[in-house]
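Source file: query-v2.cif. Holds: mmCIF, C-alpha atoms.
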data_query
#
loop_
_atom_site.label_atom_id
_atom_site.label_comp_id
_atom_site.auth_asym_id
_atom_site.auth_seq_id
_atom_site.Cartn_x
_atom_site.Cartn_y
_atom_site.Cartn_z
CA ASN A 1 -85.86 -54.64 -34.10
CA GLY A 2 -86.44 -55.16 -30.38
CA ARG A 3 -83.82 -52.61 -29.26
CA VAL A 4 -84.14 -49.25 -27.51
CA HIS A 5 -83.40 -46.26 -29.78
CA THR A 6 -82.95 -42.64 -28.70
CA THR A 7 -82.98 -39.47 -30.80
CA PHE A 8 -79.94 -37.20 -30.48
CA ASN A 9 -80.51 -33.47 -31.00
CA LEU A 10 -77.75 -31.14 -32.18
CA THR A 11 -79.43 -27.78 -31.60
CA ILE A 12 -81.28 -27.95 -28.27
CA ALA A 13 -78.65 -27.57 -25.52
CA GLN A 14 -77.39 -23.97 -25.39
CA THR A 15 -73.82 -25.10 -24.72
CA GLY A 16 -73.70 -27.19 -27.90
CA ARG A 17 -73.84 -30.57 -26.20
CA LEU A 18 -75.90 -33.28 -27.83
CA SER A 19 -79.18 -33.91 -26.04
CA SER A 20 -81.15 -37.16 -26.03
CA THR A 21 -84.95 -37.63 -26.22
CA ASP A 22 -87.57 -40.39 -26.54
CA PRO A 23 -86.13 -41.83 -24.31
CA ASN A 24 -83.55 -39.56 -22.72
CA LEU A 25 -80.65 -41.99 -22.30
CA GLN A 26 -78.36 -39.28 -20.91
CA ASN A 27 -80.56 -39.12 -17.83
CA ILE A 28 -80.23 -42.68 -16.51
CA PRO A 29 -78.90 -42.20 -12.96
CA ILE A 30 -75.35 -43.34 -12.23
CA ARG A 31 -74.46 -42.35 -8.66
CA THR A 32 -77.17 -44.29 -6.84
CA GLU A 33 -77.47 -48.04 -6.29
CA ILE A 34 -80.87 -48.14 -8.01
CA GLY A 35 -79.38 -46.20 -10.96
CA LYS A 36 -76.61 -48.76 -11.36
CA ARG A 37 -79.17 -51.57 -11.26
CA ILE A 38 -81.32 -49.82 -13.89
CA ARG A 39 -78.24 -49.59 -16.13
CA THR A 40 -77.75 -53.36 -16.06
CA ALA A 41 -80.99 -53.61 -18.09
CA PHE A 42 -79.17 -52.10 -21.11
CA VAL A 43 -77.43 -55.10 -22.61
CA ALA A 44 -75.13 -55.50 -25.63
CA LYS A 45 -76.33 -57.89 -28.33
CA LYS A 46 -75.17 -61.52 -28.43
CA ASP A 47 -71.38 -61.96 -28.61
CA HIS A 48 -70.90 -58.17 -28.30
CA VAL A 49 -69.75 -55.82 -25.53
CA PHE A 50 -69.99 -52.11 -24.76
CA VAL A 51 -66.78 -50.07 -24.71
CA SER A 52 -67.10 -46.70 -22.95
CA ALA A 53 -64.41 -44.00 -23.24
CA ASP A 54 -64.73 -41.10 -20.80
CA TYR A 55 -62.69 -37.88 -20.73
CA SER A 56 -61.24 -37.43 -17.23
CA GLN A 57 -61.76 -33.98 -15.63
CA PHE A 58 -62.37 -32.62 -19.13
CA GLU A 59 -63.68 -29.12 -18.33
CA LEU A 60 -61.07 -28.57 -15.62
CA ARG A 61 -58.29 -29.42 -18.09
CA LEU A 62 -59.86 -27.04 -20.61
CA ALA A 63 -60.08 -24.32 -17.95
CA ALA A 64 -56.34 -24.77 -17.32
CA ALA A 65 -55.55 -24.52 -21.05
CA MET A 66 -57.93 -21.65 -21.88
CA SER A 67 -56.86 -19.54 -18.89
CA GLY A 68 -53.16 -20.33 -19.33
CA ASP A 69 -52.82 -21.29 -15.65
CA GLU A 70 -49.29 -22.77 -15.60
CA ASP A 71 -49.66 -24.57 -12.24
CA MET A 72 -52.82 -26.36 -13.33
CA ILE A 73 -51.36 -27.25 -16.74
CA LYS A 74 -48.20 -28.61 -15.11
CA ALA A 75 -50.22 -30.68 -12.62
CA PHE A 76 -52.33 -32.26 -15.39
CA ASN A 77 -49.37 -32.87 -17.68
CA ASN A 78 -47.53 -34.60 -14.81
CA ASP A 79 -50.58 -36.75 -13.93
CA GLU A 80 -50.78 -35.24 -10.43
CA ASP A 81 -53.93 -35.16 -8.29
CA ILE A 82 -55.32 -31.68 -9.02
CA HIS A 83 -57.79 -31.73 -6.08
CA GLN A 84 -55.14 -32.76 -3.58
CA LEU A 85 -52.74 -30.07 -4.87
CA THR A 86 -55.48 -27.43 -4.73
CA ALA A 87 -56.37 -28.29 -1.12
CA ALA A 88 -52.69 -28.23 -0.12
CA ALA A 89 -52.07 -24.85 -1.79
CA VAL A 90 -55.23 -23.21 -0.39
CA LEU A 91 -54.72 -24.51 3.14
CA GLY A 92 -50.89 -24.28 3.26
CA LEU A 93 -50.40 -28.03 3.76
CA LYS A 94 -48.12 -30.66 2.25
CA PRO A 95 -50.03 -32.71 -0.37
CA GLU A 96 -49.59 -35.89 1.71
CA ASP A 97 -51.29 -34.19 4.70
CA VAL A 98 -54.52 -33.51 2.78
CA THR A 99 -57.39 -35.60 4.19
CA LYS A 100 -60.22 -37.08 2.12
CA GLU A 101 -62.58 -34.43 3.50
CA LEU A 102 -60.25 -31.56 2.52
CA ARG A 103 -59.72 -33.06 -0.94
CA TYR A 104 -63.50 -33.29 -1.36
CA ARG A 105 -63.86 -29.60 -0.52
CA ALA A 106 -61.18 -28.67 -3.04
CA LYS A 107 -62.85 -30.84 -5.67
CA ALA A 108 -66.17 -29.08 -5.04
CA VAL A 109 -64.46 -25.71 -5.50
CA ASN A 110 -62.53 -26.81 -8.61
CA PHE A 111 -65.74 -27.86 -10.36
CA GLY A 112 -68.08 -25.31 -8.76
CA ILE A 113 -65.96 -22.37 -9.94
CA LEU A 114 -66.52 -23.50 -13.55
CA TYR A 115 -70.26 -23.05 -13.02
CA GLY A 116 -69.91 -19.63 -11.44
CA GLN A 117 -70.71 -21.03 -7.99
CA GLY A 118 -70.40 -18.69 -5.03
CA PRO A 119 -70.02 -19.25 -1.25
CA HIS A 120 -73.73 -20.10 -0.77
CA GLY A 121 -73.63 -22.91 -3.34
CA LEU A 122 -70.34 -24.28 -2.04
CA ALA A 123 -71.52 -24.22 1.58
CA ALA A 124 -74.73 -26.05 0.62
CA GLY A 125 -72.83 -28.68 -1.39
CA THR A 126 -70.06 -29.46 1.11
CA GLY A 127 -71.46 -28.75 4.57
CA MET A 128 -68.96 -25.90 5.13
CA SER A 129 -70.21 -22.78 6.86
CA TYR A 130 -70.79 -19.72 4.67
CA GLY A 131 -67.66 -18.08 6.13
CA GLU A 132 -65.48 -21.12 5.47
CA ALA A 133 -66.76 -21.39 1.89
CA ARG A 134 -66.16 -17.67 1.27
CA ASP A 135 -62.59 -17.88 2.64
CA PHE A 136 -61.86 -21.05 0.64
CA ILE A 137 -62.97 -19.40 -2.63
CA SER A 138 -61.03 -16.23 -1.81
CA LYS A 139 -57.80 -18.20 -1.16
CA TYR A 140 -58.49 -20.36 -4.20
CA PHE A 141 -58.41 -17.33 -6.47
CA GLU A 142 -55.22 -16.10 -4.79
CA ILE A 143 -53.44 -19.27 -5.95
CA ARG A 144 -55.22 -19.29 -9.34
CA PRO A 145 -54.94 -15.64 -10.50
CA LYS A 146 -54.85 -16.58 -14.21
CA LEU A 147 -58.05 -18.59 -13.86
CA LYS A 148 -59.76 -15.71 -12.00
CA GLU A 149 -58.64 -13.29 -14.70
CA TYR A 150 -60.04 -15.57 -17.41
CA LEU A 151 -63.42 -16.09 -15.68
CA ASP A 152 -63.72 -12.33 -15.02
CA SER A 153 -62.96 -11.66 -18.71
CA LEU A 154 -65.86 -13.95 -19.70
CA ARG A 155 -68.26 -11.93 -17.51
CA GLU A 156 -67.00 -8.70 -19.06
CA GLN A 157 -67.25 -10.07 -22.59
CA ALA A 158 -70.83 -11.26 -21.95
CA LYS A 159 -71.80 -7.77 -20.75
CA ASN A 160 -69.85 -5.66 -23.26
CA LYS A 161 -69.87 -7.74 -26.45
CA GLY A 162 -73.13 -9.63 -25.95
CA PHE A 163 -71.67 -13.10 -26.55
CA VAL A 164 -69.15 -15.68 -25.34
CA GLU A 165 -67.51 -18.36 -27.48
CA THR A 166 -65.81 -21.73 -27.41
CA LEU A 167 -62.16 -22.37 -28.27
CA LEU A 168 -63.28 -23.25 -31.80
CA GLY A 169 -65.25 -20.00 -32.17
CA ARG A 170 -68.85 -21.19 -31.69
CA ARG A 171 -70.80 -18.37 -30.02
CA ARG A 172 -73.62 -18.10 -27.52
CA PRO A 173 -75.42 -14.72 -27.36
CA THR A 174 -75.73 -13.28 -23.82
CA PRO A 175 -78.40 -10.52 -24.00
CA ASP A 176 -79.54 -11.15 -20.39
CA ALA A 177 -76.09 -10.13 -19.08
CA GLN A 178 -77.39 -6.53 -19.49
CA SER A 179 -80.67 -7.18 -17.67
CA SER A 180 -81.74 -4.77 -14.93
CA ASN A 181 -83.14 -7.77 -12.98
CA HIS A 182 -80.36 -8.96 -10.64
CA MET A 183 -81.33 -12.65 -10.69
CA VAL A 184 -81.71 -12.76 -14.49
CA ARG A 185 -78.37 -10.98 -14.91
CA GLU A 186 -76.48 -13.24 -12.49
CA THR A 187 -77.91 -16.39 -14.11
CA ALA A 188 -76.78 -15.12 -17.53
CA LEU A 189 -73.28 -14.38 -16.19
CA ARG A 190 -73.00 -17.85 -14.62
CA GLN A 191 -73.98 -19.35 -17.98
CA ALA A 192 -71.44 -17.10 -19.70
CA ILE A 193 -68.67 -18.51 -17.52
CA ASN A 194 -69.66 -22.12 -18.13
CA MET A 195 -70.49 -22.10 -21.86
CA PRO A 196 -66.95 -21.62 -23.29
CA LEU A 197 -65.70 -24.56 -21.19
CA GLN A 198 -68.65 -26.93 -21.54
CA GLY A 199 -69.10 -25.82 -25.15
CA THR A 200 -65.44 -26.49 -26.00
CA ALA A 201 -65.76 -29.93 -24.37
CA ALA A 202 -68.82 -30.55 -26.58
CA ASP A 203 -66.99 -29.36 -29.72
CA LEU A 204 -63.96 -31.59 -29.09
CA THR A 205 -66.17 -34.59 -28.24
CA LYS A 206 -68.03 -34.19 -31.54
CA LEU A 207 -64.73 -33.94 -33.42
CA ALA A 208 -63.65 -37.14 -31.64
CA MET A 209 -66.88 -38.93 -32.63
CA VAL A 210 -66.30 -38.09 -36.30
CA ALA A 211 -62.63 -39.11 -36.08
CA ILE A 212 -63.49 -42.41 -34.35
CA SER A 213 -66.06 -43.21 -37.04
CA ASP A 214 -63.48 -42.47 -39.77
CA LYS A 215 -60.83 -44.56 -38.01
CA PHE A 216 -63.18 -47.55 -37.68
CA LYS A 217 -63.72 -47.41 -41.45
CA VAL A 218 -59.99 -47.12 -42.21
CA GLU A 219 -59.17 -50.01 -39.85
CA SER A 220 -62.18 -52.12 -40.93
CA LYS A 221 -59.96 -55.09 -41.91
CA LYS A 222 -58.94 -55.46 -38.25
CA PHE A 223 -62.55 -56.07 -37.18
CA LYS A 224 -64.75 -59.10 -37.51
CA GLU A 225 -67.61 -56.57 -37.73
CA GLU A 226 -67.43 -52.76 -37.81
CA PRO A 227 -68.02 -51.29 -34.31
CA LYS A 228 -70.93 -48.87 -33.86
CA GLN A 229 -71.11 -45.72 -31.74
CA LEU A 230 -74.31 -45.96 -29.70
CA LEU A 231 -74.30 -43.21 -27.10
CA GLN A 232 -72.62 -39.93 -26.32
CA ILE A 233 -73.20 -38.73 -22.78
CA HIS A 234 -71.47 -35.42 -22.02
CA ASP A 235 -67.78 -36.38 -21.79
CA SER A 236 -68.13 -40.04 -22.77
CA ILE A 237 -68.64 -42.05 -25.96
CA MET A 238 -70.02 -45.60 -25.93
CA VAL A 239 -69.42 -48.14 -28.68
CA GLU A 240 -70.84 -51.62 -29.25
CA CYS A 241 -68.48 -54.14 -30.85
CA ARG A 242 -67.73 -57.86 -31.10
CA LYS A 243 -66.18 -59.25 -27.92
CA GLU A 244 -62.94 -60.17 -29.73
CA ASP A 245 -62.61 -56.64 -31.18
CA ALA A 246 -62.83 -54.85 -27.81
CA GLY A 247 -59.05 -54.48 -27.35
CA THR A 248 -58.60 -52.83 -30.78
CA VAL A 249 -61.64 -50.56 -30.21
CA GLU A 250 -60.27 -49.46 -26.80
CA LYS A 251 -56.90 -48.55 -28.31
CA ILE A 252 -58.43 -46.58 -31.21
CA MET A 253 -60.86 -44.64 -28.98
CA LYS A 254 -58.24 -43.73 -26.39
CA ASP A 255 -55.71 -42.67 -29.03
CA VAL A 256 -58.18 -40.59 -31.07
CA MET A 257 -59.83 -38.88 -28.08
CA GLU A 258 -56.62 -37.99 -26.24
CA ASN A 259 -55.08 -36.49 -29.40
CA ILE A 260 -58.13 -34.78 -30.88
CA TYR A 261 -56.70 -31.26 -30.40
CA PRO A 262 -52.89 -31.51 -30.27
CA ASN A 263 -52.33 -27.74 -29.79
CA LEU A 264 -54.40 -27.55 -26.62
CA GLY A 265 -51.36 -27.25 -24.34
CA VAL A 266 -52.75 -29.56 -21.68
CA LYS A 267 -52.80 -33.36 -21.79
CA LEU A 268 -56.21 -34.97 -22.23
CA LYS A 269 -56.82 -38.24 -20.42
CA VAL A 270 -59.41 -40.88 -21.31
CA ASP A 271 -60.60 -43.71 -19.04
CA ILE A 272 -61.90 -46.87 -20.74
CA SER A 273 -64.28 -49.50 -19.40
CA VAL A 274 -65.74 -52.61 -21.06
CA GLY A 275 -68.85 -54.58 -20.09
CA LYS A 276 -71.59 -56.85 -21.30
CA ASN A 277 -74.16 -54.39 -19.93
CA TRP A 278 -74.19 -50.67 -19.14
CA GLY A 279 -74.14 -51.29 -15.40
CA GLU A 280 -70.68 -52.91 -15.68
CA LEU A 281 -69.09 -49.80 -17.20
#

Rewrite the structure from the file as structure tokens, please.
Amino acid sequence: NGRVHTTFNLTIAQTGRLSSTDPNLQNIPIRTEIGKRIRTAFVAKKDHVFVSADYSQFELRLAAAMSGDEDMIKAFNNDEDIHQLTAAAVLGLKPEDVTKELRYRAKAVNFGILYGQGPHGLAAGTGMSYGEARDFISKYFEIRPKLKEYLDSLREQAKNKGFVETLLGRRRPTPDAQSSNHMVRETALRQAINMPLQGTAADLTKLAMVAISDKFKVESKKFKEEPKQLLQIHDSIMVECRKEDAGTVEKIMKDVMENIYPNLGVKLKVDISVGKNWGEL
């Protein structure tokens, strides 16, 4: 029918995320100028628009909830800038005195920790020296003891029980956590730290996709034409709908996604964008 179609796979990514093949539409670059221009080639059909709903700092919010870190939970629930607060706490500054550069370093640590990143990786990613990166991570864990405890418990579970699991109980076996090869073992332990967080994000996103589909059917009378979910890329869901239905679609997606797991303990936040082509989102 003259449109690009991808195939989504449920059982390829070890974390439980959907993967996309033939073509891989999850791999269209976004951070570069050429990537943005490539995205403008993906266009909604006549009189339609794309509505994209993206979970904000999803895995970091889940890390706060799953580790029970009260300071992180409070910051998210009060809509505070988690990276600015982290930099201020680590460096002993007032939040308003945190520069863009220091906030960037804290952001790199906040996300890097979730992937089991050490001083080498942080230094390479931020331009810090190895010593600075090591000290930053050390102070970071001093102000986030609950998070450190949780991440350490995942490493122990991977070694002792042979699996880790998501909040909803989906497991990933971790046989390589017992390997005598240092590199193989460390890779397995990094994956063991990341899977419960990324896997829980994947589980909740799938629940949201089902709930959005159900809601569109229930609310079908509100639409000139039923909206269609086209893409799911990690923490975002993209829908195509009639131009005049975009406002209703936005409201439904935001409401469903932010309330998909009410007992989480931390507020989920969804950012919405609308455009005639993918590059505008």

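Proximity ranking of A:Ser52, A:Ser67, A:Thr205, A:Asn77 relative to Cys241 of chain A places A:Ser52 first, based on all atoms listed in the file.
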
- [ ] Mind giving me the straight-line distance from atom CA of Glu186 of chain A to atom CA of Gln14 of chain A in Å, one decimal?
- [x] 16.8 Å

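Selection result for the displayed file, with the PyMOL selection byres ((chain A and resi 66) around 9) as criterion, is A:Arg61, A:Leu62, A:Ala63, A:Ala64, A:Ala65, A:Ser67, A:Gly68, A:Asp69, A:Leu147, A:Tyr150, A:Leu167, A:Leu197, A:Leu264, A:Gly265.
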
Open item on the list: Taking the file as I've supplied it (selection: the PyMOL selection byres ((chain A and resi 222-237) around 10)), which residues are included? Please answer as a PyMOL selection string.
Closed with: chain A and resi 5-6+8+17-20+25-27+48+50-59+198+201-202+204-206+208-209+212-213+216-221+238-246+248-249+253+257+270-272

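For the pair atom CA of Val43 of chain A and atom CA of Lys276 of chain A, the interatomic distance is 6.2 Å.
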
Task: Residue among A:Gln191, A:Thr166, A:Thr126, A:Asn160 lying closest to Gln178 of chain A, counting all atoms listed in the file - done: A:Asn160

Open item on the list: Just want the 8 Å neighbourhood of Thr7 of chain A, counted on all atoms listed in the file, with same-chain residues fewer than 3 positions away dropped. Output as JSON, numbers by chain.
Closed with: {"A": [20, 21, 22, 23]}

Store the residues of this selection in a file with C-alpha atoms, as an mmCIF file, keeping the file's coordinate frame.
data_model
loop_
_atom_site.group_PDB
_atom_site.id
_atom_site.type_symbol
_atom_site.label_atom_id
_atom_site.label_comp_id
_atom_site.auth_asym_id
_atom_site.auth_seq_id
_atom_site.Cartn_x
_atom_site.Cartn_y
_atom_site.Cartn_z
ATOM 1 C CA SER A 20 -81.150 -37.160 -26.030
ATOM 2 C CA THR A 21 -84.950 -37.630 -26.220
ATOM 3 C CA ASP A 22 -87.570 -40.390 -26.540
ATOM 4 C CA PRO A 23 -86.130 -41.830 -24.310
#
